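> One structure coming up, written as structure tokens, with questions to follow.
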Amino acid sequence: MKTIIAFWNILRKDIENYYLKPPNISWGMIFPLSWTLMQLIRSPGNTGISELLPGLMAVSVLFGTTSMLAVTITFERKGRSFDRLLLAPISINTLVFAKILGAVLFGILNAFVPVFFAAFFIDLSGIDWSITVIAVILTAVTSALLGLLIAVSAREVFEAQTFSNFFRFPMLFLCGLFIPVDKLPAVLRPISFCLPLTYGTDILNSMFTGNFMFNTIFNIFVMLIFAALLFYLCQRNIKRKWIL
Amino acid sequence: MEIISVTNLIKKYGEFQAVNGINFSVEQGEVFGFLGPNGAGKTSTINMMVGLSRPSGGRIMIDGIDAIKDIKKVQRMIGVVPDENNLYYEMDGFGNLCFCASLYGMHKAEREKRAGELLEQFNLTEAGKRPFKAYSKGMKRKLTIAAGIIHNPKILFLDEPTTGIDVESARQIRELILDLKNQGKTIFITTHYIEEAERICDRIAFIVNGRIVKMGTVTELMENLEGEHKIKLRSDCSMKDMKGELENSFTDCRVEIPDDNSCLIVSKERIALSPLLQLLDSRGISVYEAKEVKPSLEDVFVKITGIEASKLKNEKGKAGK
């Protein structure tokens, strides 16, 4: 019970202090909205929206979760308030889960901003929402863990932002969002298969367009493996770098 | 009863050894002070004891629990006030205290009641509604201490609690420490203010370059200077030129001239005043004040460590004394 109280209050503190702050709400809304409008202007008519939606959702999750977690943790560590969490009688795993969950929820909300606007233009009734939500959750979890991995390595907030971009932008171009993976140069394709976002995007593509590389079960399985691997790496690095 | 026991504790950062095989123990209910200059190893030692840093070697037992193997159990019973304020700048005082209480699993009603009590105790009730970033240095320090004791810990670790704050806040904090001691809490405090250590600690360890060079009660530490008698003489005239003549006439004495109008006579024997005054009078120097100088903890520290106390004081801001 004591752990649950601590877990919930860390999560609530992060949501109130960071995620519900006006700049972040506007970032969470405006960023996906801008992408959506940009793509709609580029492709007039409603024909391309279903093709655009998976990419917009994936990009919204990726940018929302990685930035927020990497920046907030680095910010707290720099201000020493993170020490207060490390001094609390809760396990590192509880602390990590609480920190990640805030970013994951933020990422999920971001993902559904483009869906909300798209619903005014196209019929989304045929979509399998349960699989779509699973894909969004797994994409948010892997992106949040990536953000955590960055936070563990960065000492300054600007370092966290730089590291985040170093990972995110190549991911955008290699995960099949803009260029399908099978059309990428052969030398880049193996890198594409090493990115969790590739599999999340593939599930979303299959839901909205019917095009996919791998079947959904395989994609979910691979993303779970990525999540477990990233969690292990985060846990190992936290023990090495946070408790010096 | 021994509540903290540290054996051969070592901390290395690469080639640099911050803590060099120290040993000490703290009795339940006592105020134990770590006194030393910056970089002596005080914060490194505290960080290892509370779980913010991993020792390179040695053993730490807190209330019978191995603090290296089972730090989360230890963290339930300890409160920590670090050398820098570590609360959330955007949150108000009340919110900060409630959040810290929640980390120890305290229920909403319980943590709100306790936060209110502590704000009142620290004269921060009004400020409790303001964000932490709007607090003065002294208020920030007091709230950080309140956050450290919100869960009513058995042992409190205070890392330089009065550094850089105003006189009144420092006095309140010292009173609070003594109040906590009276409640039976064990307190481990680091400081580089000798007078503070002398005033509030039951036992003190001098730490220099990662090693404990001396440890004991204030009385025990003072024994180091026993047998040395000092008399300070003051005059309207300059006493600078008398040093040689005084030392020649009183061969068992050492003479120091702290300023132009005074001299300090140091001897292993009790000092007879009459011959001294007669000699000075015959040279036209009228002494209008003669007083015995009692040794202080500062003298002991200087003698043992070779570090001047003024250097120690000036290292980090100005504390209210």
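Letters A, B, ... mark the chains of the structure tokens in the order given; residue numbers begin at 1 per chain; ligand numbers begin at 1, in order shown.
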Give me the residues near B:Ile285 as a list of chain:residue names, where near means some atom within 10 Å (using only C-alpha atoms) and where sequence neighbours in that chain fewer than 6 positions away do not count.
B:Arg234, B:Ser235, B:Asp236, B:Cys237, B:Ser238, B:Met239, B:Met242, B:Leu277, B:Gln278, B:Leu279
> Within 8 Å of chain B, which residues of chain A show up when using only C-alpha atoms, listed as a JSON list (two decimals) with all heavy atoms, in the first residue's frame?

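Written out: result-v5.json:
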```json
[["chain", "number", "residue", "atom", "x", "y", "z"],
["A", 1, "MET", "N", 0.83, -1.21, 0.00],
["A", 1, "MET", "CA", 0.00, 0.00, 0.00],
["A", 1, "MET", "C", 0.86, 1.26, 0.00],
["A", 1, "MET", "O", 0.61, 2.22, -0.73],
["A", 1, "MET", "CB", -0.92, -0.01, 1.23],
["A", 1, "MET", "CG", -1.96, 1.10, 1.22],
["A", 1, "MET", "SD", -3.05, 1.01, -0.22],
["A", 1, "MET", "CE", -3.89, 2.56, -0.13],
["A", 2, "LYS", "N", 1.95, 1.23, 0.82],
["A", 2, "LYS", "CA", 2.84, 2.38, 0.92],
["A", 2, "LYS", "C", 3.49, 2.65, -0.43],
["A", 2, "LYS", "O", 3.65, 3.81, -0.83],
["A", 2, "LYS", "CB", 3.91, 2.14, 1.99],
["A", 2, "LYS", "CG", 3.34, 2.25, 3.39],
["A", 2, "LYS", "CD", 4.40, 2.16, 4.45],
["A", 2, "LYS", "CE", 3.76, 2.45, 5.80],
["A", 2, "LYS", "NZ", 4.66, 2.54, 6.89],
["A", 3, "THR", "N", 3.85, 1.56, -1.13],
["A", 3, "THR", "CA", 4.48, 1.71, -2.45],
["A", 3, "THR", "C", 3.49, 2.32, -3.43],
["A", 3, "THR", "O", 3.87, 3.17, -4.24],
["A", 3, "THR", "CB", 4.96, 0.33, -2.95],
["A", 3, "THR", "OG1", 5.83, -0.20, -1.97],
["A", 3, "THR", "CG2", 5.69, 0.41, -4.27],
["A", 4, "ILE", "N", 2.23, 1.89, -3.34],
["A", 4, "ILE", "CA", 1.21, 2.42, -4.27],
["A", 4, "ILE", "C", 1.02, 3.92, -4.03],
["A", 4, "ILE", "O", 0.92, 4.70, -4.99],
["A", 4, "ILE", "CB", -0.13, 1.64, -4.10],
["A", 4, "ILE", "CG1", 0.07, 0.20, -4.57],
["A", 4, "ILE", "CG2", -1.25, 2.31, -4.91],
["A", 4, "ILE", "CD1", -1.07, -0.73, -4.21],
["A", 5, "ILE", "N", 1.00, 4.31, -2.75],
["A", 5, "ILE", "CA", 0.84, 5.75, -2.43],
["A", 5, "ILE", "C", 2.00, 6.55, -3.04],
["A", 5, "ILE", "O", 1.79, 7.58, -3.69],
["A", 5, "ILE", "CB", 0.76, 5.97, -0.90],
["A", 5, "ILE", "CG1", -0.54, 5.39, -0.34],
["A", 5, "ILE", "CG2", 0.86, 7.46, -0.54],
["A", 5, "ILE", "CD1", -0.67, 5.39, 1.17],
["A", 6, "ALA", "N", 3.22, 6.04, -2.85],
["A", 6, "ALA", "CA", 4.40, 6.74, -3.39],
["A", 6, "ALA", "C", 4.34, 6.78, -4.92],
["A", 6, "ALA", "O", 4.55, 7.84, -5.53],
["A", 6, "ALA", "CB", 5.67, 6.05, -2.92],
["A", 7, "PHE", "N", 4.01, 5.63, -5.52],
["A", 7, "PHE", "CA", 3.94, 5.51, -6.99],
["A", 7, "PHE", "C", 2.94, 6.54, -7.55],
["A", 7, "PHE", "O", 3.25, 7.32, -8.45],
["A", 7, "PHE", "CB", 3.53, 4.09, -7.35],
["A", 7, "PHE", "CG", 3.34, 3.85, -8.82],
["A", 7, "PHE", "CD1", 4.41, 3.43, -9.60],
["A", 7, "PHE", "CD2", 2.11, 4.03, -9.45],
["A", 7, "PHE", "CE1", 4.25, 3.21, -10.96],
["A", 7, "PHE", "CE2", 1.95, 3.83, -10.79],
["A", 7, "PHE", "CZ", 3.02, 3.41, -11.55],
["A", 9, "ASN", "N", 1.69, 9.22, -6.20],
["A", 9, "ASN", "CA", 2.04, 10.63, -5.97],
["A", 9, "ASN", "C", 3.19, 11.11, -6.86],
["A", 9, "ASN", "O", 3.22, 12.28, -7.23],
["A", 9, "ASN", "CB", 2.33, 10.87, -4.49],
["A", 9, "ASN", "CG", 1.04, 11.03, -3.71],
["A", 9, "ASN", "OD1", 0.44, 12.09, -3.71],
["A", 9, "ASN", "ND2", 0.58, 9.95, -3.10],
["A", 10, "ILE", "N", 4.11, 10.21, -7.19],
["A", 10, "ILE", "CA", 5.18, 10.60, -8.13],
["A", 10, "ILE", "C", 4.54, 10.86, -9.50],
["A", 10, "ILE", "O", 4.82, 11.86, -10.16],
["A", 10, "ILE", "CB", 6.28, 9.50, -8.24],
["A", 10, "ILE", "CG1", 7.01, 9.34, -6.91],
["A", 10, "ILE", "CG2", 7.27, 9.83, -9.36],
["A", 10, "ILE", "CD1", 7.94, 8.15, -6.83],
["A", 13, "LYS", "N", 2.46, 14.05, -9.36],
["A", 13, "LYS", "CA", 3.35, 15.23, -9.31],
["A", 13, "LYS", "C", 3.88, 15.55, -10.71],
["A", 13, "LYS", "O", 3.90, 16.70, -11.14],
["A", 13, "LYS", "CB", 4.50, 14.94, -8.33],
["A", 13, "LYS", "CG", 5.41, 16.09, -8.02],
["A", 13, "LYS", "CD", 6.67, 16.11, -8.83],
["A", 13, "LYS", "CE", 7.51, 14.88, -8.66],
["A", 13, "LYS", "NZ", 8.55, 14.78, -9.68],
["A", 17, "ASN", "N", 3.02, 18.87, -12.50],
["A", 17, "ASN", "CA", 4.16, 19.80, -12.62],
["A", 17, "ASN", "C", 4.69, 19.96, -14.03],
["A", 17, "ASN", "O", 5.26, 20.99, -14.35],
["A", 17, "ASN", "CB", 5.32, 19.34, -11.74],
["A", 17, "ASN", "CG", 5.18, 19.81, -10.33],
["A", 17, "ASN", "OD1", 4.11, 20.24, -9.93],
["A", 17, "ASN", "ND2", 6.24, 19.73, -9.56],
["A", 79, "GLY", "N", 18.61, 19.83, -10.56],
["A", 79, "GLY", "CA", 18.14, 20.60, -9.40],
["A", 79, "GLY", "C", 18.19, 19.81, -8.11],
["A", 79, "GLY", "O", 17.73, 20.30, -7.08],
["A", 80, "ARG", "N", 18.71, 18.61, -8.14],
["A", 80, "ARG", "CA", 18.86, 17.72, -6.98],
["A", 80, "ARG", "C", 17.53, 17.17, -6.43],
["A", 80, "ARG", "O", 17.54, 16.40, -5.47],
["A", 80, "ARG", "CB", 19.62, 18.40, -5.84],
["A", 80, "ARG", "CG", 21.02, 18.89, -6.16],
["A", 80, "ARG", "CD", 22.07, 17.80, -6.10],
["A", 80, "ARG", "NE", 22.14, 17.13, -4.83],
["A", 80, "ARG", "CZ", 22.98, 17.47, -3.86],
["A", 80, "ARG", "NH1", 23.78, 18.49, -4.00],
["A", 80, "ARG", "NH2", 23.03, 16.77, -2.74],
["A", 81, "SER", "N", 16.37, 17.59, -7.00],
["A", 81, "SER", "CA", 15.12, 17.08, -6.44],
["A", 81, "SER", "C", 14.97, 15.58, -6.74],
["A", 81, "SER", "O", 14.24, 14.88, -6.05],
["A", 81, "SER", "CB", 13.92, 17.86, -6.97],
["A", 81, "SER", "OG", 13.97, 17.96, -8.36],
["A", 82, "PHE", "N", 15.70, 15.10, -7.74],
["A", 82, "PHE", "CA", 15.64, 13.67, -8.03],
["A", 82, "PHE", "C", 16.24, 12.85, -6.88],
["A", 82, "PHE", "O", 15.82, 11.71, -6.65],
["A", 82, "PHE", "CB", 16.38, 13.37, -9.35],
["A", 82, "PHE", "CG", 15.95, 12.09, -9.98],
["A", 82, "PHE", "CD1", 14.77, 12.03, -10.70],
["A", 82, "PHE", "CD2", 16.69, 10.94, -9.83],
["A", 82, "PHE", "CE1", 14.35, 10.83, -11.26],
["A", 82, "PHE", "CE2", 16.27, 9.74, -10.38],
["A", 82, "PHE", "CZ", 15.10, 9.70, -11.11],
["A", 83, "ASP", "N", 17.20, 13.45, -6.15],
["A", 83, "ASP", "CA", 17.79, 12.76, -4.98],
["A", 83, "ASP", "C", 16.71, 12.39, -3.97],
["A", 83, "ASP", "O", 16.80, 11.39, -3.28],
["A", 83, "ASP", "CB", 18.81, 13.65, -4.29],
["A", 83, "ASP", "CG", 20.14, 13.69, -5.03],
["A", 83, "ASP", "OD1", 20.26, 12.99, -6.05],
["A", 83, "ASP", "OD2", 21.03, 14.44, -4.60],
["A", 84, "ARG", "N", 15.70, 13.27, -3.86],
["A", 84, "ARG", "CA", 14.62, 13.01, -2.92],
["A", 84, "ARG", "C", 13.91, 11.69, -3.28],
["A", 84, "ARG", "O", 13.50, 10.95, -2.40],
["A", 84, "ARG", "CB", 13.63, 14.17, -2.93],
["A", 84, "ARG", "CG", 12.76, 14.17, -1.76],
["A", 84, "ARG", "CD", 12.32, 15.49, -1.28],
["A", 84, "ARG", "NE", 13.28, 16.28, -0.54],
["A", 84, "ARG", "CZ", 13.63, 16.09, 0.74],
["A", 84, "ARG", "NH1", 13.12, 15.10, 1.43],
["A", 84, "ARG", "NH2", 14.47, 16.88, 1.34],
["A", 85, "LEU", "N", 13.77, 11.44, -4.57],
["A", 85, "LEU", "CA", 13.13, 10.20, -5.01],
["A", 85, "LEU", "C", 14.05, 9.01, -4.74],
["A", 85, "LEU", "O", 13.61, 7.94, -4.34],
["A", 85, "LEU", "CB", 12.78, 10.27, -6.50],
["A", 85, "LEU", "CG", 11.91, 11.46, -6.93],
["A", 85, "LEU", "CD1", 11.68, 11.44, -8.44],
["A", 85, "LEU", "CD2", 10.57, 11.44, -6.21],
["A", 86, "LEU", "N", 15.36, 9.21, -4.96],
["A", 86, "LEU", "CA", 16.30, 8.11, -4.72],
["A", 86, "LEU", "C", 16.42, 7.81, -3.22],
["A", 86, "LEU", "O", 16.76, 6.69, -2.85],
["A", 86, "LEU", "CB", 17.68, 8.46, -5.28],
["A", 86, "LEU", "CG", 17.80, 8.56, -6.81],
["A", 86, "LEU", "CD1", 19.18, 9.04, -7.21],
["A", 86, "LEU", "CD2", 17.51, 7.22, -7.48],
["A", 87, "LEU", "N", 16.14, 8.80, -2.38],
["A", 87, "LEU", "CA", 16.23, 8.60, -0.92],
["A", 87, "LEU", "C", 14.95, 7.96, -0.35],
["A", 87, "LEU", "O", 14.92, 7.57, 0.81],
["A", 87, "LEU", "CB", 16.45, 9.94, -0.22],
["A", 87, "LEU", "CG", 17.85, 10.55, -0.35],
["A", 87, "LEU", "CD1", 17.86, 11.99, 0.13],
["A", 87, "LEU", "CD2", 18.86, 9.73, 0.45],
["A", 88, "ALA", "N", 13.92, 7.91, -1.16],
["A", 88, "ALA", "CA", 12.65, 7.35, -0.68],
["A", 88, "ALA", "C", 12.74, 5.82, -0.59],
["A", 88, "ALA", "O", 13.44, 5.21, -1.40],
["A", 88, "ALA", "CB", 11.52, 7.76, -1.62],
["A", 89, "PRO", "N", 12.03, 5.24, 0.40],
["A", 89, "PRO", "CA", 12.12, 3.78, 0.54],
["A", 89, "PRO", "C", 11.27, 3.02, -0.49],
["A", 89, "PRO", "O", 10.41, 2.21, -0.13],
["A", 89, "PRO", "CB", 11.62, 3.57, 1.97],
["A", 89, "PRO", "CG", 10.73, 4.71, 2.24],
["A", 89, "PRO", "CD", 11.22, 5.87, 1.43],
["A", 90, "ILE", "N", 11.47, 3.35, -1.75],
["A", 90, "ILE", "CA", 10.79, 2.61, -2.83],
["A", 90, "ILE", "C", 11.85, 2.09, -3.78],
["A", 90, "ILE", "O", 12.93, 2.69, -3.89],
["A", 90, "ILE", "CB", 9.80, 3.53, -3.61],
["A", 90, "ILE", "CG1", 10.50, 4.83, -4.05],
["A", 90, "ILE", "CG2", 8.57, 3.83, -2.80],
["A", 90, "ILE", "CD1", 9.72, 5.66, -5.04],
["A", 91, "SER", "N", 11.54, 0.98, -4.44],
["A", 91, "SER", "CA", 12.55, 0.38, -5.31],
["A", 91, "SER", "C", 12.78, 1.25, -6.54],
["A", 91, "SER", "O", 11.91, 2.05, -6.92],
["A", 91, "SER", "CB", 12.10, -1.02, -5.73],
["A", 91, "SER", "OG", 11.00, -0.88, -6.61],
["A", 242, "TRP", "N", 23.28, 6.58, -11.50],
["A", 242, "TRP", "CA", 22.54, 7.43, -10.56],
["A", 242, "TRP", "C", 23.01, 7.21, -9.13],
["A", 242, "TRP", "O", 22.99, 8.10, -8.33],
["A", 242, "TRP", "CB", 21.03, 7.20, -10.67],
["A", 242, "TRP", "CG", 20.44, 7.84, -11.88],
["A", 242, "TRP", "CD1", 21.11, 8.64, -12.78],
["A", 242, "TRP", "CD2", 19.10, 7.75, -12.34],
["A", 242, "TRP", "NE1", 20.25, 9.03, -13.78],
["A", 242, "TRP", "CE2", 19.01, 8.51, -13.53],
["A", 242, "TRP", "CE3", 17.98, 7.11, -11.87],
["A", 242, "TRP", "CZ2", 17.83, 8.64, -14.26],
["A", 242, "TRP", "CZ3", 16.80, 7.23, -12.58],
["A", 242, "TRP", "CH2", 16.73, 7.99, -13.77],
["A", 243, "ILE", "N", 23.37, 5.97, -8.78],
["A", 243, "ILE", "CA", 23.91, 5.72, -7.45],
["A", 243, "ILE", "C", 25.41, 5.58, -7.68],
["A", 243, "ILE", "O", 25.90, 4.50, -7.97],
["A", 243, "ILE", "CB", 23.34, 4.41, -6.84],
["A", 243, "ILE", "CG1", 21.84, 4.29, -7.08],
["A", 243, "ILE", "CG2", 23.72, 4.29, -5.38],
["A", 243, "ILE", "CD1", 20.93, 4.99, -6.14],
["A", 244, "LEU", "N", 26.13, 6.67, -7.55],
["A", 244, "LEU", "CA", 27.55, 6.67, -7.95],
["A", 244, "LEU", "C", 28.44, 5.94, -6.95],
["A", 244, "LEU", "O", 28.18, 5.93, -5.78],
["A", 244, "LEU", "CB", 28.01, 8.11, -8.10],
["A", 244, "LEU", "CG", 27.34, 8.90, -9.23],
["A", 244, "LEU", "CD1", 27.74, 10.35, -9.17],
["A", 244, "LEU", "CD2", 27.69, 8.32, -10.58]]
```
> Using only C-alpha atoms, determine which residues lie at most 7 Å from stretch 185-188 of chain B, disregarding the query and same-chain residues fewer than 5 positions distant; provide the list as a list in words.
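With the cut-off at 7 Å, the set is Gln28, Gly29, Glu30, Val31, Phe32, Gly33, Lys154, Ile155, Leu156, Phe157, Leu158 and Leu180 of chain B.
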> For those residues, write N, CA, C and O atoms to a file as a PDB file, in the first residue's frame.

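Final output, saved to selection.pdb:
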```pdb
ATOM      1  N   GLN B  28      22.636   5.690  20.099  1.00  0.00           N
ATOM      2  CA  GLN B  28      21.247   6.125  19.947  1.00  0.00           C
ATOM      3  C   GLN B  28      20.992   7.382  20.788  1.00  0.00           C
ATOM      4  O   GLN B  28      21.396   7.472  21.941  1.00  0.00           O
ATOM      5  N   GLY B  29      20.361   8.356  20.174  1.00  0.00           N
ATOM      6  CA  GLY B  29      19.985   9.574  20.894  1.00  0.00           C
ATOM      7  C   GLY B  29      21.062  10.630  20.978  1.00  0.00           C
ATOM      8  O   GLY B  29      20.858  11.682  21.576  1.00  0.00           O
ATOM      9  N   GLU B  30      22.223  10.380  20.387  1.00  0.00           N
ATOM     10  CA  GLU B  30      23.269  11.409  20.477  1.00  0.00           C
ATOM     11  C   GLU B  30      23.356  12.240  19.197  1.00  0.00           C
ATOM     12  O   GLU B  30      22.867  11.840  18.142  1.00  0.00           O
ATOM     13  N   VAL B  31      23.945  13.421  19.345  1.00  0.00           N
ATOM     14  CA  VAL B  31      24.224  14.271  18.182  1.00  0.00           C
ATOM     15  C   VAL B  31      25.705  14.077  17.870  1.00  0.00           C
ATOM     16  O   VAL B  31      26.564  14.424  18.688  1.00  0.00           O
ATOM     17  N   PHE B  32      25.977  13.501  16.707  1.00  0.00           N
ATOM     18  CA  PHE B  32      27.355  13.206  16.323  1.00  0.00           C
ATOM     19  C   PHE B  32      27.747  14.136  15.190  1.00  0.00           C
ATOM     20  O   PHE B  32      27.064  14.205  14.169  1.00  0.00           O
ATOM     21  N   GLY B  33      28.836  14.850  15.358  1.00  0.00           N
ATOM     22  CA  GLY B  33      29.240  15.830  14.347  1.00  0.00           C
ATOM     23  C   GLY B  33      30.476  15.425  13.574  1.00  0.00           C
ATOM     24  O   GLY B  33      31.416  14.861  14.150  1.00  0.00           O
ATOM     25  N   LYS B 154      13.831   8.004  12.747  1.00  0.00           N
ATOM     26  CA  LYS B 154      14.534   7.656  13.982  1.00  0.00           C
ATOM     27  C   LYS B 154      15.917   8.323  13.989  1.00  0.00           C
ATOM     28  O   LYS B 154      16.419   8.714  15.025  1.00  0.00           O
ATOM     29  N   ILE B 155      16.497   8.395  12.789  1.00  0.00           N
ATOM     30  CA  ILE B 155      17.847   8.975  12.650  1.00  0.00           C
ATOM     31  C   ILE B 155      17.771  10.082  11.605  1.00  0.00           C
ATOM     32  O   ILE B 155      17.155   9.896  10.544  1.00  0.00           O
ATOM     33  N   LEU B 156      18.427  11.191  11.896  1.00  0.00           N
ATOM     34  CA  LEU B 156      18.411  12.308  10.951  1.00  0.00           C
ATOM     35  C   LEU B 156      19.837  12.635  10.512  1.00  0.00           C
ATOM     36  O   LEU B 156      20.728  12.798  11.352  1.00  0.00           O
ATOM     37  N   PHE B 157      20.029  12.712   9.201  1.00  0.00           N
ATOM     38  CA  PHE B 157      21.335  13.096   8.651  1.00  0.00           C
ATOM     39  C   PHE B 157      21.227  14.533   8.150  1.00  0.00           C
ATOM     40  O   PHE B 157      20.400  14.822   7.275  1.00  0.00           O
ATOM     41  N   LEU B 158      22.040  15.394   8.696  1.00  0.00           N
ATOM     42  CA  LEU B 158      22.007  16.807   8.295  1.00  0.00           C
ATOM     43  C   LEU B 158      23.366  17.185   7.709  1.00  0.00           C
ATOM     44  O   LEU B 158      24.383  17.107   8.395  1.00  0.00           O
ATOM     45  N   LEU B 180      15.032  18.005  18.654  1.00  0.00           N
ATOM     46  CA  LEU B 180      14.927  16.638  18.116  1.00  0.00           C
ATOM     47  C   LEU B 180      15.736  15.673  18.974  1.00  0.00           C
ATOM     48  O   LEU B 180      15.322  14.540  19.211  1.00  0.00           O
TER      49      LEU B 180
END
```
> Quick one: DSSP strand (DSSP E or B) residues in stretch 125-211 of chain B, as an NGL selection string?
:B and (131 or 155-159 or 186-191 or 203-208 or 211)
> How would the residues just picked look written out with N, CA and C atoms as an mmCIF file, in the first residue's frame?

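Generated file (again_38.cif):
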```cif
data_model
loop_
_atom_site.group_PDB
_atom_site.id
_atom_site.type_symbol
_atom_site.label_atom_id
_atom_site.label_comp_id
_atom_site.auth_asym_id
_atom_site.auth_seq_id
_atom_site.Cartn_x
_atom_site.Cartn_y
_atom_site.Cartn_z
ATOM 1 N N PRO B 131 5.111 29.396 -3.798
ATOM 2 C CA PRO B 131 6.026 28.420 -4.399
ATOM 3 C C PRO B 131 7.408 28.472 -3.743
ATOM 4 N N ILE B 155 16.497 8.395 12.789
ATOM 5 C CA ILE B 155 17.847 8.975 12.650
ATOM 6 C C ILE B 155 17.771 10.082 11.605
ATOM 7 N N LEU B 156 18.427 11.191 11.896
ATOM 8 C CA LEU B 156 18.411 12.308 10.951
ATOM 9 C C LEU B 156 19.837 12.635 10.512
ATOM 10 N N PHE B 157 20.029 12.712 9.201
ATOM 11 C CA PHE B 157 21.335 13.096 8.651
ATOM 12 C C PHE B 157 21.227 14.533 8.150
ATOM 13 N N LEU B 158 22.040 15.394 8.696
ATOM 14 C CA LEU B 158 22.007 16.807 8.295
ATOM 15 C C LEU B 158 23.366 17.185 7.709
ATOM 16 N N ASP B 159 23.367 17.561 6.441
ATOM 17 C CA ASP B 159 24.624 17.932 5.802
ATOM 18 C C ASP B 159 24.713 19.462 5.732
ATOM 19 N N THR B 186 18.392 10.322 16.910
ATOM 20 C CA THR B 186 19.839 10.313 16.718
ATOM 21 C C THR B 186 20.141 11.246 15.551
ATOM 22 N N ILE B 187 21.132 12.090 15.708
ATOM 23 C CA ILE B 187 21.420 13.074 14.657
ATOM 24 C C ILE B 187 22.879 12.992 14.249
ATOM 25 N N PHE B 188 23.066 12.849 12.953
ATOM 26 C CA PHE B 188 24.420 12.855 12.377
ATOM 27 C C PHE B 188 24.528 14.143 11.576
ATOM 28 N N ILE B 189 25.441 15.006 11.975
ATOM 29 C CA ILE B 189 25.506 16.324 11.339
ATOM 30 C C ILE B 189 26.928 16.596 10.825
ATOM 31 N N THR B 190 27.011 17.163 9.635
ATOM 32 C CA THR B 190 28.324 17.610 9.163
ATOM 33 C C THR B 190 28.308 19.126 9.172
ATOM 34 N N THR B 191 29.428 19.707 9.483
ATOM 35 C CA THR B 191 29.506 21.164 9.504
ATOM 36 C C THR B 191 30.963 21.577 9.354
ATOM 37 N N ARG B 203 29.319 14.292 20.511
ATOM 38 C CA ARG B 203 30.665 13.833 20.127
ATOM 39 C C ARG B 203 30.983 14.399 18.748
ATOM 40 N N ILE B 204 32.278 14.579 18.512
ATOM 41 C CA ILE B 204 32.711 15.188 17.251
ATOM 42 C C ILE B 204 33.867 14.369 16.688
ATOM 43 N N ALA B 205 33.843 14.223 15.352
ATOM 44 C CA ALA B 205 35.002 13.622 14.678
ATOM 45 C C ALA B 205 35.589 14.674 13.744
ATOM 46 N N PHE B 206 36.898 14.885 13.830
ATOM 47 C CA PHE B 206 37.565 15.800 12.889
ATOM 48 C C PHE B 206 37.948 14.976 11.669
ATOM 49 N N ILE B 207 37.489 15.391 10.504
ATOM 50 C CA ILE B 207 37.823 14.640 9.283
ATOM 51 C C ILE B 207 38.603 15.554 8.341
ATOM 52 N N VAL B 208 39.744 15.035 7.901
ATOM 53 C CA VAL B 208 40.609 15.788 6.982
ATOM 54 C C VAL B 208 41.139 14.807 5.936
ATOM 55 N N ARG B 211 40.168 11.137 6.174
ATOM 56 C CA ARG B 211 40.546 10.359 7.366
ATOM 57 C C ARG B 211 40.034 11.049 8.631
#
```
> So, counting only C-alpha atoms, which residue among B:Leu35, B:Ile3, B:Ala67, B:Val26 is closest to B:Ile307?
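Selected residue with least distance to B:Ile307: B:Leu35.
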> Please report the interatomic distance between atom CA of A:Ser50 and atom CA of A:Val133 in Å with one decimal.
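Between atom CA of A:Ser50 and atom CA of A:Val133 the gap is 16.2 Å.
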> Using only C-alpha atoms, determine which residues lie at most 12 Å from B:Ala272, disregarding the query and same-chain residues fewer than 2 positions distant; provide the list as a PyMOL selection string.
chain B and resi 229-231+250+252-253+265-267+269-270+274-278+290+292
> Need the shell around B:Glu195: protein/DNA/RNA residues with any atom at most 9 Å away, counting only C-alpha atoms. Skip same-chain ones fewer than 2 positions apart. Format as a PyMOL selection string?
chain B and resi 193+197-200+297-298+321
> Applying 12 Å and only C-alpha atoms, which residues near stretch 173-184 of chain A remain after dropping the ones on its own chain fewer than 4 positions away? List them as number ranges by chain.
A: 39, 51-59, 62, 167-169, 188-205, 211-214
> With C-alpha atoms retained, export the selected residues as a CSV table (one decimal), in the first residue's frame.

```
chain,number,residue,atom,x,y,z
A,39,GLN,CA,0.0,16.9,-44.6
A,51,GLU,CA,-2.2,6.9,-45.3
A,52,LEU,CA,-1.0,9.9,-43.3
A,53,LEU,CA,-2.6,9.0,-40.0
A,54,PRO,CA,-0.3,6.1,-38.9
A,55,GLY,CA,2.8,8.3,-39.5
A,56,LEU,CA,1.3,11.3,-37.7
A,57,MET,CA,0.3,9.2,-34.7
A,58,ALA,CA,3.8,7.5,-34.5
A,59,VAL,CA,5.6,10.9,-34.8
A,62,LEU,CA,7.8,9.6,-30.4
A,167,PHE,CA,18.0,9.3,-32.0
A,168,ARG,CA,14.7,10.7,-33.2
A,169,PHE,CA,15.4,12.2,-36.5
A,188,LEU,CA,20.0,1.1,-44.3
A,189,ARG,CA,17.4,-1.7,-44.1
A,190,PRO,CA,19.0,-3.6,-41.2
A,191,ILE,CA,19.1,-0.4,-39.2
A,192,SER,CA,15.4,0.1,-39.8
A,193,PHE,CA,14.7,-3.4,-38.4
A,194,CYS,CA,16.6,-2.5,-35.2
A,195,LEU,CA,14.2,0.4,-34.5
A,196,PRO,CA,11.1,-0.3,-32.3
A,197,LEU,CA,9.2,2.5,-34.2
A,198,THR,CA,9.4,0.5,-37.4
A,199,TYR,CA,7.2,-2.2,-35.9
A,200,GLY,CA,4.8,0.2,-34.2
A,201,THR,CA,4.3,2.1,-37.5
A,202,ASP,CA,3.8,-1.3,-39.3
A,203,ILE,CA,0.9,-2.2,-37.0
A,204,LEU,CA,-0.7,1.3,-37.4
A,205,ASN,CA,-0.2,1.0,-41.2
A,211,ASN,CA,-0.4,-2.4,-46.0
A,212,PHE,CA,2.1,-4.1,-43.7
A,213,MET,CA,5.5,-5.9,-43.7
A,214,PHE,CA,4.9,-8.3,-40.8
```
